[in-house]
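A.B. asks: Just model-v9.pdb, nothing more (PDB, C-alpha atoms):
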```
ATOM      1  CA  MET W   1       0.000   0.000   0.000  1.00  0.00           C
ATOM      2  CA  TYR W   2       2.837   2.428   0.830  1.00  0.00           C
ATOM      3  CA  GLU W   3       5.415   1.107  -1.621  1.00  0.00           C
ATOM      4  CA  ASP W   4       6.892   4.357  -2.887  1.00  0.00           C
ATOM      5  CA  LYS W   5       7.440   6.789  -0.006  1.00  0.00           C
ATOM      6  CA  LYS W   6       8.648   9.603  -2.282  1.00  0.00           C
ATOM      7  CA  GLN W   7       5.559   9.370  -4.474  1.00  0.00           C
ATOM      8  CA  ILE W   8       3.217   9.517  -1.490  1.00  0.00           C
ATOM      9  CA  LEU W   9       4.948  12.412   0.249  1.00  0.00           C
ATOM     10  CA  ASP W  10       6.040  14.517  -2.731  1.00  0.00           C
ATOM     11  CA  PHE W  11       3.841  17.622  -2.737  1.00  0.00           C
ATOM     12  CA  GLY W  12       6.189  19.785  -4.769  1.00  0.00           C
ATOM     13  CA  GLU W  13       7.622  23.172  -3.996  1.00  0.00           C
ATOM     14  CA  LYS W  14       4.253  24.833  -3.527  1.00  0.00           C
ATOM     15  CA  GLY W  15       2.312  24.949  -0.291  1.00  0.00           C
ATOM     16  CA  ALA W  16      -1.407  24.611   0.076  1.00  0.00           C
ATOM     17  CA  GLU W  17      -3.165  27.824  -0.930  1.00  0.00           C
ATOM     18  CA  MET W  18      -4.112  28.838   2.600  1.00  0.00           C
ATOM     19  CA  GLU W  19      -3.929  31.890   4.768  1.00  0.00           C
ATOM     20  CA  LYS W  20      -1.930  31.850   7.986  1.00  0.00           C
ATOM     21  CA  GLU W  21      -4.999  31.378  10.207  1.00  0.00           C
ATOM     22  CA  VAL W  22      -6.465  27.879   9.961  1.00  0.00           C
ATOM     23  CA  LEU W  23      -8.791  25.535  11.781  1.00  0.00           C
ATOM     24  CA  ILE W  24      -7.025  22.300  12.730  1.00  0.00           C
ATOM     25  CA  CYS W  25      -8.809  19.001  13.286  1.00  0.00           C
ATOM     26  CA  VAL W  26      -6.825  16.237  14.967  1.00  0.00           C
ATOM     27  CA  LYS W  27      -8.278  12.716  14.966  1.00  0.00           C
ATOM     28  CA  GLY W  28      -6.611   9.646  16.273  1.00  0.00           C
ATOM     29  CA  ILE W  29      -6.925   6.238  17.743  1.00  0.00           C
ATOM     30  CA  HIS W  30      -4.152   6.092  20.302  1.00  0.00           C
ATOM     31  CA  ALA W  31      -5.399   4.310  23.364  1.00  0.00           C
ATOM     32  CA  MET W  32      -7.289   1.326  24.612  1.00  0.00           C
ATOM     33  CA  ASP W  33      -9.933   1.502  27.299  1.00  0.00           C
ATOM     34  CA  GLU W  34     -10.084  -0.952  30.216  1.00  0.00           C
ATOM     35  CA  ASN W  35     -11.934  -3.482  28.002  1.00  0.00           C
ATOM     36  CA  GLY W  36      -9.235  -3.403  25.308  1.00  0.00           C
ATOM     37  CA  GLU W  37     -11.425  -1.392  22.911  1.00  0.00           C
ATOM     38  CA  ARG W  38      -9.893   1.298  20.717  1.00  0.00           C
ATOM     39  CA  VAL W  39     -10.987   4.770  21.781  1.00  0.00           C
ATOM     40  CA  PRO W  40     -11.105   7.542  19.155  1.00  0.00           C
ATOM     41  CA  ILE W  41      -9.820  10.987  20.099  1.00  0.00           C
ATOM     42  CA  GLU W  42     -10.844  14.157  18.253  1.00  0.00           C
ATOM     43  CA  MET W  43     -10.329  17.879  18.738  1.00  0.00           C
ATOM     44  CA  VAL W  44     -10.796  20.988  16.626  1.00  0.00           C
ATOM     45  CA  VAL W  45      -8.746  24.085  17.458  1.00  0.00           C
ATOM     46  CA  PRO W  46      -7.663  27.331  15.789  1.00  0.00           C
ATOM     47  CA  GLY W  47      -4.060  27.381  14.634  1.00  0.00           C
ATOM     48  CA  GLU W  48      -1.486  28.775  12.234  1.00  0.00           C
ATOM     49  CA  TYR W  49      -0.174  27.440   8.905  1.00  0.00           C
ATOM     50  CA  TYR W  50       3.146  28.148   7.176  1.00  0.00           C
ATOM     51  CA  PHE W  51       4.955  26.732   4.135  1.00  0.00           C
ATOM     52  CA  ARG W  52       8.733  27.190   4.208  1.00  0.00           C
ATOM     53  CA  ASN W  53      11.646  25.468   2.482  1.00  0.00           C
ATOM     54  CA  GLY W  54       9.440  22.753   0.984  1.00  0.00           C
ATOM     55  CA  SER W  55       7.726  21.815   4.276  1.00  0.00           C
ATOM     56  CA  HIS W  56       4.291  22.527   5.729  1.00  0.00           C
ATOM     57  CA  TYR W  57       4.131  23.749   9.352  1.00  0.00           C
ATOM     58  CA  LEU W  58       1.202  23.948  11.753  1.00  0.00           C
ATOM     59  CA  ARG W  59       1.086  25.448  15.240  1.00  0.00           C
ATOM     60  CA  TYR W  60      -1.778  25.101  17.700  1.00  0.00           C
ATOM     61  CA  GLU W  61      -2.487  24.940  21.408  1.00  0.00           C
ATOM     62  CA  GLU W  62      -4.425  22.320  23.285  1.00  0.00           C
ATOM     63  CA  ILE W  63      -5.658  22.579  26.847  1.00  0.00           C
ATOM     64  CA  LEU W  64      -5.143  19.452  28.896  1.00  0.00           C
ATOM     65  CA  GLU W  65      -8.285  18.459  30.804  1.00  0.00           C
ATOM     66  CA  ASP W  66      -6.765  17.943  34.243  1.00  0.00           C
ATOM     67  CA  SER W  67      -4.647  21.093  34.476  1.00  0.00           C
ATOM     68  CA  GLY W  68      -6.192  23.732  32.250  1.00  0.00           C
ATOM     69  CA  GLU W  69      -2.654  24.636  31.127  1.00  0.00           C
ATOM     70  CA  PRO W  70      -1.923  24.919  27.392  1.00  0.00           C
ATOM     71  CA  THR W  71       0.457  22.640  25.531  1.00  0.00           C
ATOM     72  CA  VAL W  72       1.793  24.092  22.275  1.00  0.00           C
ATOM     73  CA  ASN W  73       1.897  21.681  19.337  1.00  0.00           C
ATOM     74  CA  TYR W  74       4.185  22.088  16.350  1.00  0.00           C
ATOM     75  CA  VAL W  75       3.607  19.910  13.282  1.00  0.00           C
ATOM     76  CA  LYS W  76       6.034  19.596  10.363  1.00  0.00           C
ATOM     77  CA  ILE W  77       5.057  17.782   7.174  1.00  0.00           C
ATOM     78  CA  SER W  78       7.928  17.187   4.746  1.00  0.00           C
ATOM     79  CA  ASP W  79       8.926  14.702   2.074  1.00  0.00           C
ATOM     80  CA  LYS W  80      10.542  12.628   4.857  1.00  0.00           C
ATOM     81  CA  GLY W  81       7.353  12.232   6.889  1.00  0.00           C
ATOM     82  CA  LEU W  82       5.510  13.835   9.779  1.00  0.00           C
ATOM     83  CA  GLU W  83       6.871  15.331  13.003  1.00  0.00           C
ATOM     84  CA  VAL W  84       4.788  16.384  16.010  1.00  0.00           C
ATOM     85  CA  ARG W  85       6.325  18.294  18.919  1.00  0.00           C
ATOM     86  CA  LYS W  86       4.459  19.073  22.112  1.00  0.00           C
ATOM     87  CA  LYS W  87       5.823  21.653  24.543  1.00  0.00           C
ATOM     88  CA  GLY W  88       4.257  22.541  27.859  1.00  0.00           C
ATOM     89  CA  LEU W  89       2.870  20.321  30.592  1.00  0.00           C
ATOM     90  CA  VAL W  90       3.508  17.402  28.205  1.00  0.00           C
ATOM     91  CA  ASN W  91       6.735  17.285  26.195  1.00  0.00           C
ATOM     92  CA  VAL W  92       7.485  14.944  23.311  1.00  0.00           C
ATOM     93  CA  HIS W  93       8.956  14.933  19.805  1.00  0.00           C
ATOM     94  CA  MET W  94       7.275  12.238  17.699  1.00  0.00           C
ATOM     95  CA  VAL W  95       8.673  11.358  14.267  1.00  0.00           C
ATOM     96  CA  PHE W  96       6.632   9.349  11.754  1.00  0.00           C
ATOM     97  CA  GLU W  97       8.793   8.070   8.882  1.00  0.00           C
ATOM     98  CA  PRO W  98       7.477   5.144   6.824  1.00  0.00           C
ATOM     99  CA  GLY W  99       9.447   1.970   7.467  1.00  0.00           C
ATOM    100  CA  LYS W 100      11.521   3.417  10.339  1.00  0.00           C
ATOM    101  CA  ARG W 101      11.224   3.035  14.108  1.00  0.00           C
ATOM    102  CA  ASN W 102      11.844   6.309  15.935  1.00  0.00           C
ATOM    103  CA  VAL W 103      12.272   6.529  19.700  1.00  0.00           C
ATOM    104  CA  SER W 104      11.103   9.454  21.790  1.00  0.00           C
ATOM    105  CA  TYR W 105      10.505  10.232  25.436  1.00  0.00           C
ATOM    106  CA  TYR W 106       6.995  11.262  26.453  1.00  0.00           C
ATOM    107  CA  THR W 107       7.361  13.476  29.524  1.00  0.00           C
ATOM    108  CA  THR W 108       4.411  14.321  31.777  1.00  0.00           C
ATOM    109  CA  PRO W 109       4.173  15.719  35.322  1.00  0.00           C
ATOM    110  CA  PHE W 110       3.804  12.086  36.438  1.00  0.00           C
ATOM    111  CA  GLY W 111       6.967  10.774  34.803  1.00  0.00           C
ATOM    112  CA  THR W 112       8.613   9.881  31.500  1.00  0.00           C
ATOM    113  CA  LEU W 113       7.873   6.983  29.159  1.00  0.00           C
ATOM    114  CA  LYS W 114      10.129   5.686  26.420  1.00  0.00           C
ATOM    115  CA  MET W 115       8.008   5.540  23.281  1.00  0.00           C
ATOM    116  CA  GLY W 116       8.715   3.879  19.932  1.00  0.00           C
ATOM    117  CA  ILE W 117       6.880   4.840  16.751  1.00  0.00           C
ATOM    118  CA  CYS W 118       7.080   2.713  13.611  1.00  0.00           C
ATOM    119  CA  ALA W 119       5.080   4.333  10.822  1.00  0.00           C
ATOM    120  CA  THR W 120       3.605   1.941   8.288  1.00  0.00           C
ATOM    121  CA  GLY W 121       2.454   4.821   6.101  1.00  0.00           C
ATOM    122  CA  VAL W 122       2.212   8.588   5.867  1.00  0.00           C
ATOM    123  CA  ASP W 123      -0.170  10.043   3.299  1.00  0.00           C
ATOM    124  CA  VAL W 124      -0.429  13.759   2.473  1.00  0.00           C
ATOM    125  CA  GLU W 125      -3.287  15.313   0.537  1.00  0.00           C
ATOM    126  CA  GLN W 126      -3.590  18.987  -0.301  1.00  0.00           C
ATOM    127  CA  GLN W 127      -6.307  20.960  -1.964  1.00  0.00           C
ATOM    128  CA  GLU W 128      -6.799  24.684  -2.470  1.00  0.00           C
ATOM    129  CA  ASN W 129      -7.732  25.528   1.145  1.00  0.00           C
ATOM    130  CA  THR W 130      -7.058  22.230   2.903  1.00  0.00           C
ATOM    131  CA  LEU W 131      -4.045  20.187   3.974  1.00  0.00           C
ATOM    132  CA  ARG W 132      -4.550  16.668   5.334  1.00  0.00           C
ATOM    133  CA  VAL W 133      -1.961  14.181   6.616  1.00  0.00           C
ATOM    134  CA  LYS W 134      -2.643  10.681   7.876  1.00  0.00           C
ATOM    135  CA  ALA W 135      -0.134   8.438   9.611  1.00  0.00           C
ATOM    136  CA  ASN W 136      -0.650   4.785  10.463  1.00  0.00           C
ATOM    137  CA  TYR W 137       1.824   3.481  12.993  1.00  0.00           C
ATOM    138  CA  SER W 138       2.694   0.917  15.599  1.00  0.00           C
ATOM    139  CA  LEU W 139       3.263   2.304  19.093  1.00  0.00           C
ATOM    140  CA  ASP W 140       5.403   0.708  21.768  1.00  0.00           C
ATOM    141  CA  MET W 141       5.960   1.881  25.316  1.00  0.00           C
ATOM    142  CA  ASN W 142       9.142   0.868  27.117  1.00  0.00           C
ATOM    143  CA  GLU W 143       9.860  -1.535  24.211  1.00  0.00           C
ATOM    144  CA  GLU W 144       6.513  -3.382  24.603  1.00  0.00           C
ATOM    145  CA  HIS W 145       3.982  -3.198  21.745  1.00  0.00           C
ATOM    146  CA  ALA W 146       1.093  -1.038  22.980  1.00  0.00           C
ATOM    147  CA  SER W 147      -1.181  -0.530  19.983  1.00  0.00           C
ATOM    148  CA  ASP W 148      -1.576  -0.071  16.254  1.00  0.00           C
ATOM    149  CA  CYS W 149      -2.649   3.545  15.841  1.00  0.00           C
ATOM    150  CA  SER W 150      -3.679   6.170  13.346  1.00  0.00           C
ATOM    151  CA  LEU W 151      -3.377   9.946  13.407  1.00  0.00           C
ATOM    152  CA  MET W 152      -5.082  12.347  11.004  1.00  0.00           C
ATOM    153  CA  ILE W 153      -4.404  16.081  11.051  1.00  0.00           C
ATOM    154  CA  GLU W 154      -6.387  18.384   8.794  1.00  0.00           C
ATOM    155  CA  ALA W 155      -5.902  22.136   8.422  1.00  0.00           C
ATOM    156  CA  LYS W 156      -8.545  24.230   6.692  1.00  0.00           C
ATOM    157  CA  GLN W 157      -8.523  27.926   6.006  1.00  0.00           C
ATOM    158  CA  ARG W 158     -10.607  29.801   8.553  1.00  0.00           C
ATOM    159  CA  ILE W 159     -13.461  31.663   6.938  1.00  0.00           C
ATOM    160  CA  SER W 160     -14.117  35.114   8.298  1.00  0.00           C
ATOM    161  CA  PHE W 161     -17.712  36.225   8.153  1.00  0.00           C
ATOM    162  CA  ASP W 162     -16.601  39.815   8.840  1.00  0.00           C
ATOM    163  CA  LYS W 163     -15.105  40.120   5.333  1.00  0.00           C
ATOM    164  CA  ARG W 164     -17.935  40.924   2.949  1.00  0.00           C
TER     165      ARG W 164
END
```
Transcribe the structure of this file into structure tokens.

C.D. replies:
Amino acid sequence: MYEDKKQILDFGEKGAEMEKEVLICVKGIHAMDENGERVPIEMVVPGEYYFRNGSHYLRYEEILEDSGEPTVNYVKISDKGLEVRKKGLVNVHMVFEPGKRNVSYYTTPFGTLKMGICATGVDVEQQENTLRVKANYSLDMNEEHASDCSLMIEAKQRISFDKR
């Protein structure tokens, strides 16, 4: 399905035709509940979009439920894959490169976990006012397989109703 990484990730030298202000939707299946069922996670937040040096960049904040403190998320989409950095109450740098296992440390106020990410595919789709990236990956924690996961991030141009 993901035979030619370059073909899948090559979006040329032109960024999506979007303004800086975007609406970002993040969907994923990352966790299992106590019954072993996959639990979907979804959030929609305002953010910023940039295209520089052949890579797409997104920046957005998320508020963690327990603390109310913001965590800033930085997303980079390039021909090599997808990178997600979280800075704040939670700190991590996750790298999704097809066919490679990347190790990161997921740091929370409760401690740090060693996390391995092995992406089985990264797919990028861009349209005039939309950028969408989907990563399928295997997640391990402390070198034990935890779950097969998916992450989809979509950025759409924010429409201002004030401009008439």

A.B. asks: Just checking: using all atoms listed in the file, which residue out of W:Ile29, W:Val39, W:Ile159, W:Ala119 ends up closest to Ser138 of chain W?

C.D. replies: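 Among the listed residues, the smallest separation from Ser138 of chain W belongs to W:Ala119.
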
A.B. asks: Evaluate the PyMOL selection byres ((chain W and resi 72-89) around 6) on the structure here and hand back the selected residues as a list in words.

C.D. replies: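 This file gives the following for the PyMOL selection byres ((chain W and resi 72-89) around 6): Leu9, Asp10, Ser55, His56, Tyr57, Leu58, Arg59, Tyr60, Glu61, Thr71, Val90, Asn91, Val92, His93, Met94, Val95, Phe96 and Glu97 of chain W.
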
A.B. asks: Give the padded box for segment 109-121 of chain W as JSON: axis-aligned, covering all atoms listed in the file, 6 Å on each side, centre and edge lengths in Å to one decimal.

C.D. replies:
```
{"center_x": 6.3, "center_y": 8.8, "center_z": 21.3, "size_x": 19.7, "size_y": 25.8, "size_z": 42.3}
```

A.B. asks: Between W:Thr120, W:Thr107, W:Asn102, W:Ser67, which is the closest to Glu143 of chain W once you count all atoms listed in the file?

C.D. replies: W:Asn102

A.B. asks: Here is a test: counting all atoms listed in the file, which residue of W:Ile117, W:Gly28, W:Thr112, W:Glu128 is nearest to Lys100 of chain W?

C.D. replies: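 Nearest to Lys100 of chain W: W:Ile117.
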
A.B. asks: Go ahead and compute the interatomic distance for atom CA of Asn142 of chain W and atom CA of Gly99 of chain W, in Å to one decimal.

C.D. replies: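 Between atom CA of Asn142 of chain W and atom CA of Gly99 of chain W the gap is 19.7 Å.
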
A.B. asks: Go ahead and compute the interatomic distance for atom CA of Tyr105 of chain W and atom CA of His145 of chain W, in Å to one decimal.

C.D. replies: 15.4 Å

A.B. asks: For Arg132 of chain W, which residue out of W:Lys20, W:Arg52, W:Lys156, W:Lys114 is the nearest one, using all atoms listed in the file?

C.D. replies: W:Lys156

A.B. asks: Could you tell me which of W:Cys118, W:Glu21, W:Ala135, W:Pro109 comes closest to Leu64 of chain W if we count all atoms listed in the file?

C.D. replies: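 Ranked by minimum distance to Leu64 of chain W, first place goes to W:Pro109.
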
A.B. asks: Using Å and a single decimal, report how far atom CA of Pro46 of chain W sits from atom CA of Phe110 of chain W.

C.D. replies: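 For atom CA of Phe110 of chain W relative to atom CA of Pro46 of chain W, the distance reads 28.1 Å.
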
A.B. asks: Nearest to Asp123 of chain W among W:Gly111, W:Glu154, W:Ala146, W:Val103, with distances taken over all atoms listed in the file: which residue is it?

C.D. replies: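 Of W:Gly111, W:Glu154, W:Ala146, W:Val103, the one nearest Asp123 of chain W, counting all atoms listed in the file, is W:Glu154.
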
A.B. asks: Take the PyMOL selection byres ((chain W and resi 26) around 9), run it mentally on this structure, and tell me the resulting residues as a VMD selection string.

C.D. replies: chain W and resid 24 to 25 27 to 28 41 to 45 151 to 155
